[in-house]
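Reproduced below: coords_33.txt, with compact mmCIF, C-alpha atoms.
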```txt
# COMPACT_ATOMS: atom_id res chain seq x y z
CA MET O 1 0.00 0.00 0.00
CA ASP O 2 1.68 3.19 -1.21
CA TRP O 3 0.74 5.35 1.73
CA ASP O 4 2.48 6.80 4.75
CA PRO O 5 0.43 5.94 7.87
CA LYS O 6 1.86 9.02 9.59
CA GLU O 7 0.78 11.37 6.81
CA THR O 8 -1.32 14.17 8.32
CA LYS O 9 -0.57 17.15 6.10
CA PRO O 10 -3.58 19.22 4.96
CA LEU O 11 -5.56 18.14 1.93
CA THR O 12 -5.82 20.19 -1.25
CA TRP O 13 -8.65 20.82 -3.69
CA GLN O 14 -6.72 18.85 -6.32
CA TYR O 15 -6.35 15.89 -3.96
CA THR O 16 -10.10 15.69 -3.37
CA ALA O 17 -10.69 15.13 -7.10
CA ARG O 18 -9.61 11.50 -6.66
CA SER O 19 -10.87 10.97 -3.12
CA VAL O 20 -13.87 8.78 -2.34
CA LEU O 21 -14.96 11.55 0.06
CA LYS O 22 -14.70 14.22 -2.63
CA TYR O 23 -18.15 15.77 -2.32
CA ASP O 24 -18.27 15.85 1.47
CA LEU O 25 -14.82 17.44 1.63
CA ARG O 26 -15.69 20.10 -0.92
CA ILE O 27 -19.04 20.89 0.70
CA LEU O 28 -17.34 21.34 4.07
CA HIS O 29 -14.72 23.50 2.39
CA LEU O 30 -17.37 25.73 0.80
CA LEU O 31 -18.93 26.03 4.26
CA CYS O 32 -15.60 27.50 5.43
CA LEU O 33 -14.77 24.61 7.75
CA TRP O 34 -12.39 22.21 5.98
CA PRO O 35 -9.38 24.04 4.49
CA LEU O 36 -8.20 22.76 1.09
CA PRO O 37 -5.70 24.09 2.06
CA GLY O 38 -6.33 26.89 4.52
CA SER O 39 -5.31 30.52 4.11
CA LEU O 40 -5.48 33.44 6.50
CA PHE O 41 -8.65 34.65 4.76
CA PHE O 42 -10.22 31.19 5.04
CA ARG O 43 -9.38 30.97 8.74
CA THR O 44 -10.81 34.44 9.26
CA LEU O 45 -14.07 33.39 7.62
CA THR O 46 -14.21 30.31 9.83
CA ALA O 47 -13.68 32.44 12.94
CA PHE O 48 -16.34 34.90 11.74
CA PHE O 49 -18.98 32.20 11.30
CA VAL O 50 -18.08 30.59 14.62
CA ALA O 51 -18.54 34.01 16.24
CA LEU O 52 -21.97 34.25 14.60
CA CYS O 53 -22.85 30.85 16.05
CA LEU O 54 -21.81 32.02 19.51
CA GLY O 55 -23.97 35.11 19.03
CA HIS O 56 -26.86 32.85 18.04
CA PHE O 57 -26.18 30.77 21.15
CA ALA O 58 -26.37 33.93 23.29
CA GLU O 59 -29.66 34.94 21.68
CA GLY O 60 -30.99 31.47 22.39
CA VAL O 61 -30.13 31.85 26.08
CA VAL O 62 -31.88 35.24 26.18
CA ASN O 63 -34.92 33.80 24.43
CA LEU O 64 -35.21 30.86 26.82
CA CYS O 65 -34.85 33.14 29.84
CA THR O 66 -37.51 35.60 28.66
CA LEU O 67 -39.88 33.26 26.83
CA SER O 68 -43.46 33.33 28.05
CA GLY O 69 -45.15 31.32 25.32
CA ASP O 70 -46.65 27.85 25.28
CA MET O 71 -45.01 24.46 24.87
CA GLU O 72 -44.72 24.90 21.10
CA ASP O 73 -42.59 28.03 21.55
CA TYR O 74 -40.31 26.28 24.02
CA THR O 75 -39.98 23.27 21.72
CA LEU O 76 -38.93 25.44 18.79
CA ALA O 77 -36.46 27.42 20.90
CA LEU O 78 -34.89 24.34 22.48
CA SER O 79 -34.66 22.40 19.22
CA ASN O 80 -32.82 25.24 17.51
CA PHE O 81 -30.68 25.84 20.60
CA SER O 82 -29.62 22.18 20.65
CA VAL O 83 -28.73 22.22 16.93
CA VAL O 84 -26.51 25.27 17.40
CA THR O 85 -24.91 23.86 20.55
CA ILE O 86 -24.16 20.46 19.01
CA GLY O 87 -22.91 22.10 15.83
CA VAL O 88 -20.49 24.33 17.73
CA VAL O 89 -19.21 21.29 19.65
CA LYS O 90 -18.65 19.40 16.37
CA ILE O 91 -16.88 22.38 14.81
CA THR O 92 -14.65 22.74 17.86
CA PHE O 93 -13.79 19.04 17.80
CA PHE O 94 -12.97 19.23 14.10
CA LEU O 95 -10.74 22.28 14.47
CA ARG O 96 -8.88 20.66 17.35
CA ASN O 97 -8.38 17.41 15.39
CA GLU O 98 -8.08 18.69 11.83
CA ARG O 99 -4.93 16.71 11.05
CA ARG O 100 -6.53 13.50 12.27
CA TYR O 101 -9.43 14.06 9.91
CA CYS O 102 -6.97 14.51 7.03
CA HIS O 103 -5.19 11.34 8.13
CA LEU O 104 -8.52 9.49 8.10
CA VAL O 105 -9.28 10.63 4.55
CA ARG O 106 -5.88 9.60 3.21
CA TRP O 107 -6.11 6.24 4.98
CA LEU O 108 -9.51 5.44 3.50
CA ASP O 109 -8.42 6.53 0.02
CA ALA O 110 -5.36 4.27 0.29
CA LEU O 111 -7.50 1.30 1.34
CA VAL O 112 -9.90 1.83 -1.56
CA ALA O 113 -7.06 2.25 -4.06
CA ALA O 114 -5.39 -0.95 -2.85
CA GLU O 115 -8.65 -2.88 -3.04
CA ARG O 116 -9.32 -1.64 -6.57
CA GLU O 117 -5.90 -2.87 -7.60
CA SER O 118 -6.46 -6.27 -5.97
CA ALA O 119 -9.88 -6.67 -7.59
CA GLY O 120 -8.61 -5.79 -11.05
CA GLY O 121 -9.78 -8.11 -13.81
CA ARG O 122 -12.65 -9.55 -11.78
CA GLN O 123 -15.85 -7.94 -12.99
CA LEU O 124 -18.10 -8.61 -10.01
CA MET O 125 -15.59 -7.26 -7.52
CA GLU O 126 -14.73 -4.27 -9.67
CA ALA O 127 -18.40 -3.23 -9.59
CA ILE O 128 -18.64 -3.11 -5.78
CA LEU O 129 -16.58 0.02 -5.12
CA PRO O 130 -18.08 2.15 -7.95
CA ALA O 131 -21.55 1.23 -6.68
CA ALA O 132 -20.58 2.38 -3.20
CA GLN O 133 -19.20 5.61 -4.65
CA LYS O 134 -22.47 6.32 -6.47
CA ARG O 135 -24.39 5.68 -3.27
CA SER O 136 -22.09 8.05 -1.40
CA VAL O 137 -22.63 10.80 -3.95
CA ARG O 138 -26.41 10.36 -3.78
CA VAL O 139 -26.34 10.58 0.02
CA ALA O 140 -24.22 13.75 0.04
CA ALA O 141 -26.19 15.47 -2.73
CA GLY O 142 -29.56 14.42 -1.31
CA LEU O 143 -28.79 15.71 2.17
CA LEU O 144 -27.44 18.98 0.80
CA LEU O 145 -30.48 19.67 -1.38
CA TYR O 146 -32.95 18.61 1.30
CA ASN O 147 -31.40 20.77 4.01
CA CYS O 148 -30.94 23.77 1.73
CA PHE O 149 -34.64 23.57 0.86
CA LEU O 150 -35.64 23.34 4.53
CA LEU O 151 -33.37 26.24 5.50
CA PHE O 152 -34.72 28.41 2.70
CA ILE O 153 -38.33 27.78 3.74
CA TRP O 154 -37.66 28.23 7.43
CA LEU O 155 -35.49 31.34 7.20
CA THR O 156 -37.73 33.18 4.74
CA ALA O 157 -41.07 32.29 6.37
CA PRO O 158 -41.01 35.28 8.80
CA LEU O 159 -40.77 37.64 5.83
CA ALA O 160 -44.31 36.64 4.87
CA ALA O 161 -45.64 37.87 8.23
CA PRO O 162 -46.87 41.46 8.67
CA SER O 163 -43.96 43.87 9.04
CA GLU O 164 -45.17 45.06 12.43
CA ALA O 165 -44.96 41.51 13.82
CA ARG O 166 -41.13 41.62 13.74
CA ILE O 167 -40.81 37.83 13.92
CA LEU O 168 -37.33 36.35 13.91
CA PRO O 169 -36.78 33.01 12.16
CA LEU O 170 -35.70 30.98 15.19
CA GLN O 171 -35.02 32.73 18.49
CA GLN O 172 -37.31 35.60 19.51
CA LEU O 173 -35.90 38.57 21.41
CA PRO O 174 -37.83 40.96 23.65
CA LEU O 175 -36.31 44.12 22.08
CA THR O 176 -37.12 43.68 18.40
CA ASP O 177 -40.11 46.00 18.08
CA ALA O 178 -40.43 48.75 15.51
CA ASN O 179 -38.34 51.16 17.59
CA ALA O 180 -35.39 48.80 17.95
CA TYR O 181 -33.78 49.44 14.56
CA PRO O 182 -31.37 47.92 13.58
CA LEU O 183 -31.48 45.23 16.28
CA TYR O 184 -34.16 43.23 14.46
CA GLU O 185 -32.33 43.33 11.13
CA LEU O 186 -29.00 42.39 12.70
CA SER O 187 -30.55 39.57 14.71
CA TYR O 188 -32.30 38.26 11.62
CA ALA O 189 -29.05 38.25 9.64
CA LEU O 190 -27.13 36.67 12.52
CA GLN O 191 -29.63 33.85 12.96
CA ALA O 192 -29.93 33.19 9.24
CA LEU O 193 -26.20 33.11 8.50
CA SER O 194 -25.25 31.13 11.59
CA THR O 195 -28.05 28.61 11.02
CA VAL O 196 -26.98 27.97 7.43
CA PHE O 197 -23.36 27.59 8.55
CA VAL O 198 -23.85 25.42 11.62
CA GLY O 199 -26.86 23.51 10.28
CA LEU O 200 -25.19 22.32 7.08
CA ILE O 201 -21.92 21.58 8.86
CA ASN O 202 -23.82 19.61 11.47
CA VAL O 203 -25.36 17.44 8.76
CA HIS O 204 -22.33 17.06 6.53
CA LEU O 205 -19.91 16.13 9.28
CA ASP O 206 -22.31 13.28 10.03
CA CYS O 207 -22.53 12.60 6.29
CA PHE O 208 -18.73 12.46 6.15
CA PHE O 209 -18.69 9.54 8.58
CA MET O 210 -21.70 7.94 6.91
CA VAL O 211 -19.90 7.90 3.56
CA ALA O 212 -16.77 6.56 5.24
CA MET O 213 -18.85 3.68 6.63
CA ILE O 214 -20.41 3.05 3.20
CA GLN O 215 -16.94 2.79 1.70
CA THR O 216 -15.73 0.57 4.55
CA ALA O 217 -18.69 -1.77 4.06
CA ALA O 218 -17.87 -1.91 0.34
CA LEU O 219 -14.26 -2.78 1.16
CA LEU O 220 -15.39 -5.66 3.37
CA LYS O 221 -17.82 -6.84 0.70
CA SER O 222 -15.08 -6.77 -1.92
CA LEU O 223 -12.74 -8.63 0.40
CA SER O 224 -15.43 -11.25 1.02
CA SER O 225 -15.81 -11.70 -2.73
CA ARG O 226 -12.05 -12.15 -3.08
CA LEU O 227 -12.08 -14.87 -0.44
CA ALA O 228 -15.03 -16.59 -2.08
CA ASP O 229 -13.29 -16.38 -5.44
CA LEU O 230 -10.18 -17.84 -3.87
CA GLN O 231 -12.16 -20.84 -2.70
CA VAL O 232 -13.71 -21.35 -6.12
CA ARG O 233 -10.31 -21.23 -7.76
CA ASN O 234 -8.90 -23.85 -5.45
CA THR O 235 -6.68 -25.99 -7.64
CA LEU O 236 -5.55 -28.58 -5.17
CA SER O 237 -7.62 -31.21 -6.93
CA ARG O 238 -7.37 -29.75 -10.44
CA PRO O 239 -4.70 -29.77 -13.11
CA LYS O 240 -2.53 -26.67 -13.27
CA VAL O 241 -3.45 -26.00 -16.89
CA ASN O 242 -6.99 -25.73 -18.22
CA GLU O 243 -8.34 -26.67 -21.63
CA GLN O 244 -7.27 -23.37 -23.21
CA GLY O 245 -3.72 -23.79 -21.95
CA LYS O 246 -3.98 -20.97 -19.40
CA ASN O 247 -2.20 -21.41 -16.10
CA LEU O 248 -4.50 -21.81 -13.13
CA MET O 249 -3.74 -20.56 -9.64
CA THR O 250 -1.14 -22.72 -7.91
CA THR O 251 -1.05 -23.51 -4.22
CA ASP O 252 1.67 -20.91 -3.67
CA ASP O 253 -0.39 -18.30 -5.50
CA MET O 254 -3.38 -19.12 -3.34
CA TYR O 255 -1.30 -18.80 -0.19
CA THR O 256 0.03 -15.41 -1.31
CA GLU O 257 -3.47 -14.21 -2.14
CA LEU O 258 -4.79 -15.47 1.19
CA CYS O 259 -2.04 -13.62 3.07
CA LEU O 260 -2.91 -10.48 1.14
CA CYS O 261 -6.58 -10.87 2.06
CA ILE O 262 -5.68 -11.29 5.73
CA ARG O 263 -3.50 -8.20 5.62
CA THR O 264 -6.27 -6.24 3.91
CA HIS O 265 -8.76 -7.33 6.54
CA GLN O 266 -6.40 -6.19 9.28
CA GLU O 267 -6.02 -2.79 7.63
CA ILE O 268 -9.78 -2.37 7.24
CA THR O 269 -10.54 -3.36 10.83
CA ARG O 270 -7.74 -1.11 12.08
CA PHE O 271 -9.32 1.75 10.14
```
Now that the file is in, can you turn its structure into structure tokens?
Amino acid sequence: MDWDPKETKPLTWQYTARSVLKYDLRILHLLCLWPLPGSLFFRTLTAFFVALCLGHFAEGVVNLCTLSGDMEDYTLALSNFSVVTIGVVKITFFLRNERRYCHLVRWLDALVAAERESAGGRQLMEAILPAAQKRSVRVAAGLLLYNCFLLFIWLTAPLAAPSEARILPLQQLPLTDANAYPLYELSYALQALSTVFVGLINVHLDCFFMVAMIQTAALLKSLSSRLADLQVRNTLSRPKVNEQGKNLMTTDDMYTELCLCIRTHQEITRF
């Protein structure tokens, strides 16, 4: 396996073109979380959006402390508050372990590349990994479109209310009446931007691991097919040359292939 297990250097946009996690990495990059690679401007944008999330968190605390509505109002406030809180925790964990995430991506790509090479020339096995890749793309694209649609509906719904209502999209504040300009406008922008940032990151960090598991399952399925194929090609009781004169797998070849399968299984389970 042509891969350094200690490799943790940042990924690049060019690298993601051949990665099985391509779409998740690029989505997280466009959300200003995953640097490909990072620049000072990129880091500044990340810090800016994290600050917006903290502001949203503060507004959520104010809303919960001053809320006097019914259970529905509390449910909405708490659900949004939990999304922001969990998202900030995930972002913090990622930023603290960014190199480990890069290491994980390179490791998975190396495993997939090695398995593709081992499955070369065997049609059924060659189809397993591309099928997993298509499924991964559908998952990433589907979640992105679905959540963008939900965010658009939710964040623009208050605009349909009468202007004097001064309804914020998620957390309501006690000082957003008509005389509180520009507090209402700033709070609306803060909640909208931070929700898009933290909401999509929340989903796509989970999607990142989901796709990694899809690829890992495909690796195990491909390995299982290799072992089954090895059993079928057992030549202990067959001649070493078939009717067309082609050499069949010898006992030594089978042993080598079996050792390779064991090593591959160890790498996958270690991952």
>> List the spatial neighbours of Ile91 (chain O) as number ranges by chain - criterion: any atom at most 9 Å away, only C-alpha atoms, same-chain residues fewer than 2 positions off excluded.
In response: O: 33, 50, 86-89, 93-96, 198, 201-202, 205
Write a file of the just-selected residues containing C-alpha atoms, as a PDB file, in the coordinates of the input.
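out.pdb, written as the output of this step:
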```pdb
ATOM      1  CA  LEU O  33     -14.770  24.610   7.750  1.00  0.00           C
ATOM      2  CA  VAL O  50     -18.080  30.590  14.620  1.00  0.00           C
ATOM      3  CA  ILE O  86     -24.160  20.460  19.010  1.00  0.00           C
ATOM      4  CA  GLY O  87     -22.910  22.100  15.830  1.00  0.00           C
ATOM      5  CA  VAL O  88     -20.490  24.330  17.730  1.00  0.00           C
ATOM      6  CA  VAL O  89     -19.210  21.290  19.650  1.00  0.00           C
ATOM      7  CA  PHE O  93     -13.790  19.040  17.800  1.00  0.00           C
ATOM      8  CA  PHE O  94     -12.970  19.230  14.100  1.00  0.00           C
ATOM      9  CA  LEU O  95     -10.740  22.280  14.470  1.00  0.00           C
ATOM     10  CA  ARG O  96      -8.880  20.660  17.350  1.00  0.00           C
ATOM     11  CA  VAL O 198     -23.850  25.420  11.620  1.00  0.00           C
ATOM     12  CA  ILE O 201     -21.920  21.580   8.860  1.00  0.00           C
ATOM     13  CA  ASN O 202     -23.820  19.610  11.470  1.00  0.00           C
ATOM     14  CA  LEU O 205     -19.910  16.130   9.280  1.00  0.00           C
TER      15      LEU O 205
END
```
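As for CA of Glu115 (chain O) and CA of Ser225 (chain O), they are spaced 11.4 Å apart.
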> CA of Val83 (chain O) and CA of Tyr188 (chain O), how far apart in Å?
Replying inline: 17.3 Å
> Could you state the separation of CA of Arg43 (chain O) and CA of Arg26 (chain O) in Å, given to one decimal place?
Replying inline: 15.9 Å
> Residues at most 7 Å from Tyr23 (chain O), counting all atoms listed in the file, excluding those fewer than 4 positions away in the same chain, as a PyMOL selection string?
Replying inline: chain O and resi 27+137+140
> If you count only C-alpha atoms, which residues fall within 12 Å of Leu78 (chain O), apart from same-chain ones fewer than 5 positions away, as an MDAnalysis selection string?
Replying inline: chainID O and resid 57 59:65 67 71:73 83:86 170:172
Residue contacts of Val139 (chain O) (9 Å, only C-alpha atoms) excluding same-chain residues fewer than 4 positions away, as a JSON list (two decimals) with C-alpha atoms, in the frame of the given file:
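Output below, filename result.json:
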```json
[["chain", "number", "residue", "atom", "x", "y", "z"],
["O", 134, "LYS", "CA", -22.47, 6.32, -6.47],
["O", 135, "ARG", "CA", -24.39, 5.68, -3.27],
["O", 143, "LEU", "CA", -28.79, 15.71, 2.17],
["O", 144, "LEU", "CA", -27.44, 18.98, 0.80],
["O", 207, "CYS", "CA", -22.53, 12.60, 6.29],
["O", 210, "MET", "CA", -21.70, 7.94, 6.91],
["O", 211, "VAL", "CA", -19.90, 7.90, 3.56]]
```
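Neighbours of Leu190 (chain O) closer than or equal to 8 Å, with only C-alpha atoms counted and sequence neighbours fewer than 6 positions away skipped, come out as O:Leu52, O:Gly55, O:His56.
Nearest residue to Glu185 (chain O) among O:His204, O:Ala113, O:Leu54, O:Leu159 is O:Leu159, counting all atoms listed in the file.
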Please complete region 39-54 of chain O so it has N, CA and C atoms, and hand it over as a PDB file, in the coordinates of the input.
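Produced file out21.pdb, reproduced below:
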```pdb
ATOM      1  N   SER O  39      -6.039  29.254   4.209  1.00  0.00           N
ATOM      2  CA  SER O  39      -5.310  30.520   4.110  1.00  0.00           C
ATOM      3  C   SER O  39      -5.753  31.397   5.274  1.00  0.00           C
ATOM      4  N   LEU O  40      -5.099  32.522   5.432  1.00  0.00           N
ATOM      5  CA  LEU O  40      -5.480  33.440   6.500  1.00  0.00           C
ATOM      6  C   LEU O  40      -6.916  33.919   6.304  1.00  0.00           C
ATOM      7  N   PHE O  41      -7.285  34.198   5.055  1.00  0.00           N
ATOM      8  CA  PHE O  41      -8.650  34.650   4.760  1.00  0.00           C
ATOM      9  C   PHE O  41      -9.658  33.551   5.106  1.00  0.00           C
ATOM     10  N   PHE O  42      -9.323  32.313   4.748  1.00  0.00           N
ATOM     11  CA  PHE O  42     -10.220  31.190   5.040  1.00  0.00           C
ATOM     12  C   PHE O  42     -10.394  31.031   6.547  1.00  0.00           C
ATOM     13  N   ARG O  43      -9.298  31.106   7.286  1.00  0.00           N
ATOM     14  CA  ARG O  43      -9.380  30.970   8.740  1.00  0.00           C
ATOM     15  C   ARG O  43     -10.177  32.120   9.354  1.00  0.00           C
ATOM     16  N   THR O  44     -10.049  33.290   8.763  1.00  0.00           N
ATOM     17  CA  THR O  44     -10.810  34.440   9.260  1.00  0.00           C
ATOM     18  C   THR O  44     -12.304  34.228   9.047  1.00  0.00           C
ATOM     19  N   LEU O  45     -12.665  33.688   7.873  1.00  0.00           N
ATOM     20  CA  LEU O  45     -14.070  33.390   7.620  1.00  0.00           C
ATOM     21  C   LEU O  45     -14.604  32.347   8.599  1.00  0.00           C
ATOM     22  N   THR O  46     -13.798  31.330   8.866  1.00  0.00           N
ATOM     23  CA  THR O  46     -14.210  30.310   9.830  1.00  0.00           C
ATOM     24  C   THR O  46     -14.459  30.931  11.198  1.00  0.00           C
ATOM     25  N   ALA O  47     -13.526  31.775  11.633  1.00  0.00           N
ATOM     26  CA  ALA O  47     -13.680  32.440  12.940  1.00  0.00           C
ATOM     27  C   ALA O  47     -14.911  33.340  12.949  1.00  0.00           C
ATOM     28  N   PHE O  48     -15.177  34.010  11.824  1.00  0.00           N
ATOM     29  CA  PHE O  48     -16.340  34.900  11.740  1.00  0.00           C
ATOM     30  C   PHE O  48     -17.639  34.114  11.904  1.00  0.00           C
ATOM     31  N   PHE O  49     -17.747  32.986  11.205  1.00  0.00           N
ATOM     32  CA  PHE O  49     -18.980  32.200  11.300  1.00  0.00           C
ATOM     33  C   PHE O  49     -19.116  31.535  12.672  1.00  0.00           C
ATOM     34  N   VAL O  50     -18.007  31.137  13.264  1.00  0.00           N
ATOM     35  CA  VAL O  50     -18.080  30.590  14.620  1.00  0.00           C
ATOM     36  C   VAL O  50     -18.557  31.664  15.594  1.00  0.00           C
ATOM     37  N   ALA O  51     -18.084  32.899  15.396  1.00  0.00           N
ATOM     38  CA  ALA O  51     -18.540  34.010  16.240  1.00  0.00           C
ATOM     39  C   ALA O  51     -20.039  34.243  16.066  1.00  0.00           C
ATOM     40  N   LEU O  52     -20.529  34.125  14.829  1.00  0.00           N
ATOM     41  CA  LEU O  52     -21.970  34.250  14.600  1.00  0.00           C
ATOM     42  C   LEU O  52     -22.737  33.159  15.346  1.00  0.00           C
ATOM     43  N   CYS O  53     -22.194  31.956  15.335  1.00  0.00           N
ATOM     44  CA  CYS O  53     -22.850  30.850  16.050  1.00  0.00           C
ATOM     45  C   CYS O  53     -22.896  31.125  17.554  1.00  0.00           C
ATOM     46  N   LEU O  54     -21.824  31.685  18.082  1.00  0.00           N
ATOM     47  CA  LEU O  54     -21.810  32.020  19.510  1.00  0.00           C
ATOM     48  C   LEU O  54     -22.817  33.126  19.808  1.00  0.00           C
TER      49      LEU O  54
END
```
